[in-house]
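Below is one structure, written out as structure tokens; the observations come after it.
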Number of protein chains: 4
Amino acid sequence: MLNKESITVGQLATGQALDVPVYRYNQGRPGPKVYIQANLHGAEVQGNAVLLALLERLKTLEVYGEVTLVPLSNPMGINQKSGEFTLGRFDPVTGVNWNRQYLGDHIDVEAWLDANPELSGDALTHAFRAHLVEQCETRLVNPWGVSTGQHLCYRLQALAHEHDIVLDLHTGPKSCRHLYCPEILKAQASHLNIPCVLLMPNEFAGALDEACFHPWWQLQQALAKRGHNQAMAVQAYTLELGSQELIDIEAADQDAIGITSFLGNNGVIADAPAPAKMDRYACLLKDYRKLHAPGGAMVEYLAPLGEPLKAGEPLARLLKLEQIGQGQVVETLNLPQDAIPVLHFASAAVHQGTELYKLMTNYYKL
Amino acid sequence: MLNKESITVGQLATGQALDVPVYRYNQGRPGPKVYIQANLHGAEVQGNAVLLALLERLKTLEVYGEVTLVPLSNPMGINQKSGEFTLGRFDPVTGVNWNRQYLGDHIDVEAWLDANPELSGDALTHAFRAHLVEQCETRLVNPWGVSTGQHLCYRLQALAHEHDIVLDLHTGPKSCRHLYCPEILKAQASHLNIPCVLLMPNEFAGALDEACFHPWWQLQQALAKRGHNQAMAVQAYTLELGSQELIDIEAADQDAIGITSFLGNNGVIADAPAPAKMDRYACLLKDYRKLHAPGGAMVEYLAPLGEPLKAGEPLARLLKLEQIGQGQVVETLNLPQDAIPVLHFASAAVHQGTELYKLMTNYYKL
Amino acid sequence: MLNKESITVGQLATGQALDVPVYRYNQGRPGPKVYIQANLHGAEVQGNAVLLALLERLKTLEVYGEVTLVPLSNPMGINQKSGEFTLGRFDPVTGVNWNRQYLGDHIDVEAWLDANPELSGDALTHAFRAHLVEQCETRLVNPWGVSTGQHLCYRLQALAHEHDIVLDLHTGPKSCRHLYCPEILKAQASHLNIPCVLLMPNEFAGALDEACFHPWWQLQQALAKRGHNQAMAVQAYTLELGSQELIDIEAADQDAIGITSFLGNNGVIADAPAPAKMDRYACLLKDYRKLHAPGGAMVEYLAPLGEPLKAGEPLARLLKLEQIGQGQVVETLNLPQDAIPVLHFASAAVHQGTELYKLMTNYYKL
Amino acid sequence: MLNKESITVGQLATGQALDVPVYRYNQGRPGPKVYIQANLHGAEVQGNAVLLALLERLKTLEVYGEVTLVPLSNPMGINQKSGEFTLGRFDPVTGVNWNRQYLGDHIDVEAWLDANPELSGDALTHAFRAHLVEQCETRLVNPWGVSTGQHLCYRLQALAHEHDIVLDLHTGPKSCRHLYCPEILKAQASHLNIPCVLLMPNEFAGALDEACFHPWWQLQQALAKRGHNQAMAVQAYTLELGSQELIDIEAADQDAIGITSFLGNNGVIADAPAPAKMDRYACLLKDYRKLHAPGGAMVEYLAPLGEPLKAGEPLARLLKLEQIGQGQVVETLNLPQDAIPVLHFASAAVHQGTELYKLMTNYYKL
């Protein structure tokens with residue numbers, strides 16, 4: 001019922017293959033296929049602990065379909081240290097964010113439908129899925145090659161495309177739990193135990209959730225234009241489960257419980273727990289604002305994360321030690337408008353322009 | 001005739017201002033305003049030597065208008081070492097390429113023309129220029145702040161917008177001289193002593209040349225639609241003058257001579273030397289291809305740079321020392337189609353997917 | 001009563017001077033000279049907040065002598081980011097720990113005494129101090145130059161040598177408060193509010209405390225051999241005040257109070273608070289052990305810091321996600337002998353050999 | 001005749017083993033055992049090409065004994081990129097130079113001889129060798145663990161200790177060929193085709209050559225004190241074969257030829273070529289001087305490498321672009337005394353204190 005495979009997502013200069021473990025768990029019952037990936041950004045390790053806790057929970061539940069678990073999904077990012085911390089957010093050679101290199105916006109859905117007029121229903125879903133997988137694989141054997149990050153992302157994406165539900169487990173730097181959720185799937189957000197929900201437009205900006213979700217949305221739109229109503233075959237989300245550089249097994253189990261609730265709502269688990277009763281807040285992605293450091297400083301972060309705060313309340317204190325005796329040494333940075341602080345920067349020393357906080361504005365209760 | 005100023009482009013965590021020197025040179029005669037910036041990418045130092053050589057040459061020539069020289073334009077990028085080399089291509093915090101953070105595609109030119117119906121000719125040029133500068137400055141005082149890279153880029157851009165000709169001096173990693181030239185200005189490319197010319201579409205992708213050039217092209221198009229033919233007021237180019245991590249004063253002087261020829265063609269220098277007689281090749285930017293490493297390896301680079309090469313000719317040897325006795329240890333990588341290799345990667349050890357070479361395909365002689 | 005100066009400790013590639021602010025505070029009464037430096041390691045920012053809090057407290061107390069405060073002492077280290085964190089522990093070019101580049105073991109004390117037979121008492125102290133300062137300054141003007149780190153350290157050291165009491169404020173990665181104290185000064189440790197005390201031998205290993213303390217110890221020994229008993233003129237300590245990458249103003253004030261108690265014990269403050277009643281533990285530096293990761297893993301740190309723990313108690317859980325279904329996935333790492341965990345590694349992902357914990361063994365209550 | 005093994009020198013956070021290939025080549029004839037390692041510093045890749053060329057040459061020659069080739073000896077260092085270059089000189093977590101973590105100065109040779117009074121001649125050599133190997137292995141299974149770098153170095157060292165001749169192949173940053181040679185073995189230096197020779201004292205400072213050579217020198221000294229003259233069983237050298245970040249197969253073959261000459265002189269090859277007729281210069285290690293940058297600057301390196309230069313000749317030009325119009329913009333740095341420049345820094349942008357050049361002073365012709 002638990003099967004282990006691995007996929008090769010790259011090769012290092014020394015010739016060593018970059019392999020990622022892939023665990024497939026099922027109980028032999030038909031049902032949806034679920035893909036859950038963790039640790040694409042190297043420092044965001046907590047998702048691995050969540051996968052482990054989830055697997056233990058699944059073994060005690062009645063599972064339909066299959067759950068594919070992919071921990072440690074970016075070996076190069078995870079193993080790349082710079083000082084004591086993991087420099088795993090971007091390719092150290094190019095600087096490109098590992099989570100912006102998936103394949104998207106590359107399919108002319110109208111043309112594809114025109115070329116496949118005989119397809120409908122499950123056959124159409126099946127063929128479109130195969131087309132998505134094939135697009136990834138074709139690019140991987142391109143004679144000009146693809147970049148290191150594309151190699152990683154296309155391999156993972158080809159695997160993810162075989163699934164109906166895709167969850168990509170990340171964390172913030174110092175962060176409360178939050179969810180990136182496609183706008184048209186926002187009803188699903190109440191089935192996860194995550195207080196802050198960012199509603200993504202139906203666009204592709206390079207991330208896995210978008211890469212998995214967006215072509216199916218395009219397909220649905222194109223079919224609707226042709227007078228066919230067909231439900232989207234695939235859902236995809238990014239879950240940000242706390243802070244980076246931290247393994248917390250107890251918190252991981254709590255997050256695993258939340259995921260079982262969500263899977264229960266989607267026909268994967270028969271006896272899943274109900275989602276927690278809790279306040280959940282949402283805002284549009286365009287209202288998820290970055291507050292940049294107004295100057296270079298040492299920073300004491302003050303604002304609690306995940307809770308509504310009023311305009312004018314203090315977010316942080318900025319210390320300017322070079323100003324002692326001649327200027328303002330401690331400056332309080334206040335909230336420019338009502339907002340929920342979701343995450344703050346990881347370090348207490350910032351250059352001007354550093355993303356100090358990300359905050360939900362124009363939010364509402366779900 | 002030489003005036004020194006400085007602009008502040010950021011502030012470090014210790015409170016230290018990031019200042020960039022700005023030299024303005026003129027001989028008191030009216031004429032175009034020229035802006036030349038160097039070393040935005042930290043390792044690309046040679047442009048500084050070119051600015052110094054150019055200033056010496058200008059002093060011996062008959063100059064019209066004013067030439068603004070901005071060396072050391074990115075202090076944070078230049079001063080950021082990682083090991084012996086300069087890690088200056090991207091913000092070390094975010095990974096974002098320093099040369100992709102300029103402001104662009106933000107002006108609704110039609111709306112601006114509608115709002116300014118009384119303007120035409122020089123007044124229109126003057127007002128549009130002021131609008132471009134103001135757009136940069138407004139964003140710099142945004143209460144939410146801007147990123148570290150935007151702070152740098154918007155400051156430089158506000159200054160560059162005051163000029164008629166903008167040259168941004170870069171280098172490749174290991175590279176022959178090449179030029180990024182807007183397609184509609186390709187006639188100008190023959191006045192620089194640069195063998196390889198990449199013709200950019202009229203689009204904005206984040207770089208300084210595009211940020212300076214593209215709004216004027218939009219303005220010209222909008223005016224043409226309204227039946228007004230008006231020449232573009234601004235030209236902008238990126239010059240890639242050799243290889244990074246290298247100062248070569250003799251080569252810098254040669255490049256300075258080429259720039260004087262170009263300035264001569266544009267009314268800035270009365271007694272400029274003629275451009276060199278040399279083969280110049282051009283291709284469209286979409287035909288400037290990256291060849292990625294097919295696997296991890298040690299690399300011996302073989303192909304000469306800046307010269308046409310036939311399909312099948314050797315580009316590099318890939319050594320796989322871990323294969324001795326059991327596989328192919330030395331693999332020759334051949335050119336997939338006729339092309340001119342323009343640059344290759346800086347290091348001899350590459351992961352799978354590394355950009356080994358950039359090559360001009362479908363090129364032609366200018 | 002508060003005087004600001006600055007010293008230049010280096011120059012960046014762009015020509016920018018690396019300046020460090022130096023604040024001298026006194027109330028015009030005679031007394032000892034105290035030097036307190038913070039943030040030599042770039043990520044260890046909390047000492048700056050302690051200096052600020054201490055200055056505020058001093059203003060309310062009766063101060064004898066002068067207190068020199070040097071925050072932000074290593075601008076290059078503080079400003080060197082690599083990803084979101086500060087890569088400030090070592091020179092990014094050479095890898096050499098910034099706190100191992102002070103000057104020491106360079107004075108032949110016997111020869112110096114032989115050359116200065118007329119000196120004794122305060123005159124001897126004064127001349128020896130001047131000799132120490134001069135040694136630093138001579139090296140700074142060496143025609144072969146000194147390294148970047150030596151430039152920084154010798155400048156700071158020349159200043160520190162002018163003082164009678166030297167405190168170097170550091171932090172651990174994730175750490176409880178601890179103190180590096182010369183063995184022969186261990187009686188002083190009870191006047192600071194720091195639970196863990198590491199007793200250093202009278203040797204020089206490159207750090208500031210040793211560089212300041214050790215020559216005076218050598219002098220005392222040499223004088224004793226000649227039959228002169230003379231108290232050591234200089235004390236020096238390193239205080240590790242909590243964790244890196246964190247500013248906590250409330251905790252800083254608590255640490256400032258502790259420092260005033262210590263200064264009170266040394267004649268600098270007349271009305272200082274008594275040291276806190278608390279358990280203080282000490283061990284010899286040779287008994288301060290590193291526990292290295294037995295393999296690569298994700299790590300959940302379990303052990304509380306600063307408290308005695310019995311052999312066999314759990315320190316950490318090591319997660320090996322690649323082992324699911326085929327090996328031990330969660331391994332508990334237990335304490336090999338009775339010890340007090342003082343600090344643990346900052347990141348939750350570790351390669352084999354990473355310093356997971358540093359622990360006091362063979363400790364005793366002070 | 002060619003046998004491949006591998007050794008595991010560490011484990012990454014993702015669980016991946018760090019394996020190093022080990023090739024043993026012999027022709028079945030008795031003779032010395034030779035160990036040649038390459039690429040311990042990650043950017044110093046050329047030694048790999050030399051090993052490959054040497055293996056090809058050995059196949060055409062009459063070989064006695066066995067030659068063990070260890071390319072790619074530090075996978076973590078080789079695979080650690082930071083920007084386009086390889087950050088392979090030091091552990092990215094700790095900053096410690098990979099080539100300063102070998103085991104040495106740990107054996108009390110007198111005590112060991114006392115404990116083994118029955119041994120002499122080959123039996124003594126054999127037992128001492130076994131003791132050296134065992135010392136490495138014992139530390140690797142220490143319950144407190146060893147550091148990441150020690151894990152790597154002790155594994156390699158245990159292997160190297162089994163051999164009679166140890167060559168460690170490195171490169172400089174930008175460098176001419178040079179050799180680190182134990183003073184008492186300087187006669188051997190004339191059998192390699194390397195122009196610059198640095199004569200090392202009989203001390204241990206952390207590098208492989210010292211770690212392999214020094215205990216045998218200690219043994220010889222101790223035996224001599226007891227009235228036994230016994231030749232040292234082991235020789236060890238570090239060869240610096242050109243510049244880092246470069247694979248040059250033609251140059252590698254030239255270096256392979258030189259190594260065959262050396263091996264011929266030591267009974268490993270019967271039909272080896274004679275060493276090249278060339279000028280060879282030597283100096284004591286204490287006379288191998290570093291010239292540090294007197295200020296931050298852009299640098300044009302001028303001095304040819306590997307050739308005697310007179311005091312006062314130009315080494316480099318320092319450009320200070322921020323000084324235009326107000327100070328000395330181009331400063332020439334001249335040689336302070338007669339010397340042979342051996343290597344210079346890799347980057348053209350330097351902070352104050354950067355090691356610009358390393359030079360042989362007080363040199364003489366071998």
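Going by the structure tokens order, chains are called A, B, ..., each with residues numbered from 1, while ligands are numbered from 1 in the order shown.
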What are the closest atom pairs, with distances in Å to one decimal, for all residues of chain C lying within 8 Å of chain D? Consider only C-alpha atoms, order rows by chain and residue number, and present the result as a Markdown table.
```
| residue | atom | partner | partner_atom | distance |
| --- | --- | --- | --- | --- |
| C:Gly10 | CA | D:Gln352 | CA | 6.0 |
| C:Gln11 | CA | D:Gly296 | CA | 5.1 |
| C:Leu12 | CA | D:His351 | CA | 4.6 |
| C:Ala13 | CA | D:Gly296 | CA | 4.0 |
| C:Thr14 | CA | D:Ala297 | CA | 6.3 |
| C:Gly15 | CA | D:Gly296 | CA | 5.3 |
| C:Gln16 | CA | D:Gly296 | CA | 7.8 |
| C:Phe90 | CA | D:Gly95 | CA | 6.2 |
| C:Thr94 | CA | D:Gly95 | CA | 7.6 |
| C:Gly95 | CA | D:Gly95 | CA | 4.0 |
| C:Val96 | CA | D:Gly95 | CA | 6.1 |
| C:Asn97 | CA | D:Gly95 | CA | 7.0 |
| C:Pro143 | CA | D:Pro336 | CA | 7.6 |
| C:Trp144 | CA | D:Leu291 | CA | 4.9 |
| C:Gly145 | CA | D:His292 | CA | 4.8 |
| C:Val146 | CA | D:Gly353 | CA | 5.6 |
| C:Ser147 | CA | D:Gly353 | CA | 4.2 |
| C:Thr148 | CA | D:Gly353 | CA | 4.1 |
| C:Gly149 | CA | D:Gly353 | CA | 7.6 |
| C:His151 | CA | D:Gly353 | CA | 7.0 |
| C:Lys290 | CA | D:Trp144 | CA | 6.8 |
| C:Leu291 | CA | D:Trp144 | CA | 4.9 |
| C:His292 | CA | D:Gly145 | CA | 4.8 |
| C:Ala293 | CA | D:Gly145 | CA | 6.8 |
| C:Pro294 | CA | D:Gly145 | CA | 6.3 |
| C:Gly295 | CA | D:Gln11 | CA | 6.0 |
| C:Gly296 | CA | D:Ala13 | CA | 4.0 |
| C:Ala297 | CA | D:Ala13 | CA | 4.7 |
| C:Met298 | CA | D:Ala13 | CA | 6.7 |
| C:Lys320 | CA | D:Gly15 | CA | 6.8 |
| C:Leu321 | CA | D:Thr14 | CA | 7.9 |
| C:Glu322 | CA | D:Gly15 | CA | 6.7 |
| C:Pro336 | CA | D:Pro143 | CA | 7.6 |
| C:Ala349 | CA | D:Ala13 | CA | 5.7 |
| C:Val350 | CA | D:Ala13 | CA | 4.9 |
| C:His351 | CA | D:Ala13 | CA | 4.5 |
| C:Gln352 | CA | D:Gln11 | CA | 5.2 |
| C:Gly353 | CA | D:Thr148 | CA | 4.0 |
| C:Thr354 | CA | D:Ser147 | CA | 6.0 |
| C:Glu355 | CA | D:Ser147 | CA | 7.0 |
```
Once DSSP has gone over the backbone, tell me which residues of segment 101-323 of chain B are in strand (DSSP E), as a count of residues only. 49
As a ChimeraX atom specification, please: the residues near Leu263 of chain A (cut-off 10 Å, only C-alpha atoms, same-chain neighbours under 3 positions excluded). /A:32,34,63-64,67,165,191-192,257-260,266-270,272-273
Near segment 210-227 of chain B, within 9 Å and counting only C-alpha atoms, which residues show up once chain neighbours fewer than 3 positions away are dropped, as a PyMOL selection string? chain B and resi 102-105+107+109-110+113+128+132+157+160-161+166+182+200+202-207+230-237
Dump as an mmCIF file, in the first residue's frame, selection limited to N, CA and C atoms:
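This is the output file again09.cif:
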```
data_model
loop_
_atom_site.group_PDB
_atom_site.id
_atom_site.type_symbol
_atom_site.label_atom_id
_atom_site.label_comp_id
_atom_site.auth_asym_id
_atom_site.auth_seq_id
_atom_site.Cartn_x
_atom_site.Cartn_y
_atom_site.Cartn_z
ATOM 1 N N TYR B 102 13.879 48.082 -13.268
ATOM 2 C CA TYR B 102 13.516 49.438 -13.686
ATOM 3 C C TYR B 102 12.002 49.519 -13.865
ATOM 4 N N LEU B 103 11.552 50.726 -13.984
ATOM 5 C CA LEU B 103 10.114 50.973 -14.105
ATOM 6 C C LEU B 103 9.726 51.030 -15.583
ATOM 7 N N GLY B 104 8.668 50.312 -15.948
ATOM 8 C CA GLY B 104 8.233 50.344 -17.344
ATOM 9 C C GLY B 104 6.819 49.863 -17.491
ATOM 10 N N ASP B 105 6.291 50.026 -18.674
ATOM 11 C CA ASP B 105 4.934 49.561 -18.984
ATOM 12 C C ASP B 105 3.898 50.099 -18.005
ATOM 13 N N ILE B 107 2.864 53.488 -18.001
ATOM 14 C CA ILE B 107 2.241 54.728 -18.459
ATOM 15 C C ILE B 107 1.187 54.415 -19.516
ATOM 16 N N VAL B 109 -0.119 55.845 -22.298
ATOM 17 C CA VAL B 109 0.280 56.959 -23.154
ATOM 18 C C VAL B 109 -0.945 57.616 -23.795
ATOM 19 N N GLU B 110 -1.893 56.792 -24.201
ATOM 20 C CA GLU B 110 -3.110 57.367 -24.799
ATOM 21 C C GLU B 110 -3.797 58.303 -23.806
ATOM 22 N N LEU B 113 -1.852 61.527 -23.424
ATOM 23 C CA LEU B 113 -2.048 62.437 -24.561
ATOM 24 C C LEU B 113 -3.429 63.086 -24.486
ATOM 25 N N PHE B 128 6.540 65.114 -21.569
ATOM 26 C CA PHE B 128 6.556 63.654 -21.435
ATOM 27 C C PHE B 128 7.775 63.223 -20.620
ATOM 28 N N LEU B 132 7.908 61.157 -17.124
ATOM 29 C CA LEU B 132 8.694 59.931 -16.875
ATOM 30 C C LEU B 132 9.504 60.065 -15.587
ATOM 31 N N GLN B 157 17.201 55.636 -13.039
ATOM 32 C CA GLN B 157 16.315 55.866 -14.177
ATOM 33 C C GLN B 157 15.821 57.313 -14.226
ATOM 34 N N ALA B 160 18.558 59.094 -15.772
ATOM 35 C CA ALA B 160 18.736 58.744 -17.193
ATOM 36 C C ALA B 160 17.659 59.388 -18.057
ATOM 37 N N HIS B 161 16.430 59.466 -17.540
ATOM 38 C CA HIS B 161 15.323 60.022 -18.329
ATOM 39 C C HIS B 161 15.564 61.471 -18.755
ATOM 40 N N VAL B 166 21.088 57.127 -24.108
ATOM 41 C CA VAL B 166 21.406 56.360 -22.904
ATOM 42 C C VAL B 166 22.213 55.128 -23.281
ATOM 43 N N PRO B 182 17.738 48.437 -30.056
ATOM 44 C CA PRO B 182 16.336 48.374 -30.490
ATOM 45 C C PRO B 182 16.259 48.156 -32.004
ATOM 46 N N MET B 200 16.580 44.097 -30.366
ATOM 47 C CA MET B 200 15.507 43.949 -29.383
ATOM 48 C C MET B 200 14.177 44.393 -29.954
ATOM 49 N N ASN B 202 10.382 46.029 -29.543
ATOM 50 C CA ASN B 202 9.981 47.222 -28.810
ATOM 51 C C ASN B 202 9.112 46.841 -27.621
ATOM 52 N N GLU B 203 9.741 46.228 -26.672
ATOM 53 C CA GLU B 203 9.034 45.743 -25.500
ATOM 54 C C GLU B 203 9.826 46.101 -24.246
ATOM 55 N N PHE B 204 9.135 45.998 -23.128
ATOM 56 C CA PHE B 204 9.801 46.255 -21.864
ATOM 57 C C PHE B 204 9.959 44.968 -21.092
ATOM 58 N N ALA B 205 11.192 44.645 -20.723
ATOM 59 C CA ALA B 205 11.428 43.438 -19.924
ATOM 60 C C ALA B 205 12.225 43.739 -18.667
ATOM 61 N N GLY B 206 12.347 45.008 -18.295
ATOM 62 C CA GLY B 206 12.930 45.334 -17.003
ATOM 63 C C GLY B 206 14.284 46.019 -17.032
ATOM 64 N N ALA B 207 14.970 46.045 -18.194
ATOM 65 C CA ALA B 207 16.318 46.599 -18.255
ATOM 66 C C ALA B 207 16.287 48.103 -18.513
ATOM 67 N N GLN B 230 6.319 62.158 -35.301
ATOM 68 C CA GLN B 230 7.323 62.838 -34.483
ATOM 69 C C GLN B 230 8.464 61.869 -34.227
ATOM 70 N N ALA B 231 9.676 62.306 -34.511
ATOM 71 C CA ALA B 231 10.834 61.434 -34.286
ATOM 72 C C ALA B 231 10.944 61.100 -32.798
ATOM 73 N N MET B 232 11.468 59.934 -32.500
ATOM 74 C CA MET B 232 11.670 59.555 -31.105
ATOM 75 C C MET B 232 12.748 60.426 -30.504
ATOM 76 N N ALA B 233 12.503 60.912 -29.303
ATOM 77 C CA ALA B 233 13.457 61.839 -28.675
ATOM 78 C C ALA B 233 14.621 61.116 -28.018
ATOM 79 N N VAL B 234 14.466 59.836 -27.771
ATOM 80 C CA VAL B 234 15.460 59.134 -26.957
ATOM 81 C C VAL B 234 15.913 57.832 -27.622
ATOM 82 N N GLN B 235 17.192 57.601 -27.593
ATOM 83 C CA GLN B 235 17.776 56.324 -27.979
ATOM 84 C C GLN B 235 18.381 55.665 -26.728
ATOM 85 N N ALA B 236 18.381 54.346 -26.699
ATOM 86 C CA ALA B 236 19.019 53.667 -25.554
ATOM 87 C C ALA B 236 19.541 52.303 -25.991
ATOM 88 N N TYR B 237 20.702 51.959 -25.481
ATOM 89 C CA TYR B 237 21.395 50.726 -25.859
ATOM 90 C C TYR B 237 22.093 50.132 -24.647
#
```
So which residues touch segment 41-55 of chain A within 6 Å, counting only C-alpha atoms, skipping near sequence neighbours fewer than 6 positions away, as a ChimeraX atom specification? /A:71,77-78,86,88-89,169-171,244-245,247,252-253,256
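The two atoms in question, atom CA of Ala311 of chain A and atom CA of Tyr363 of chain A, are spaced 13.4 Å apart.
Secondary structure of segment 192-245 of chain B, alpha helix (DSSP H) only (DSSP, backbone atoms): B:Leu208, B:Asp209, B:Glu210, B:Ala211, B:Cys212, B:Phe213, B:His214, B:Pro215, B:Trp216, B:Trp217, B:Gln218, B:Leu219, B:Gln220, B:Gln221, B:Ala222, B:Leu223, B:Ala224, B:Lys225.
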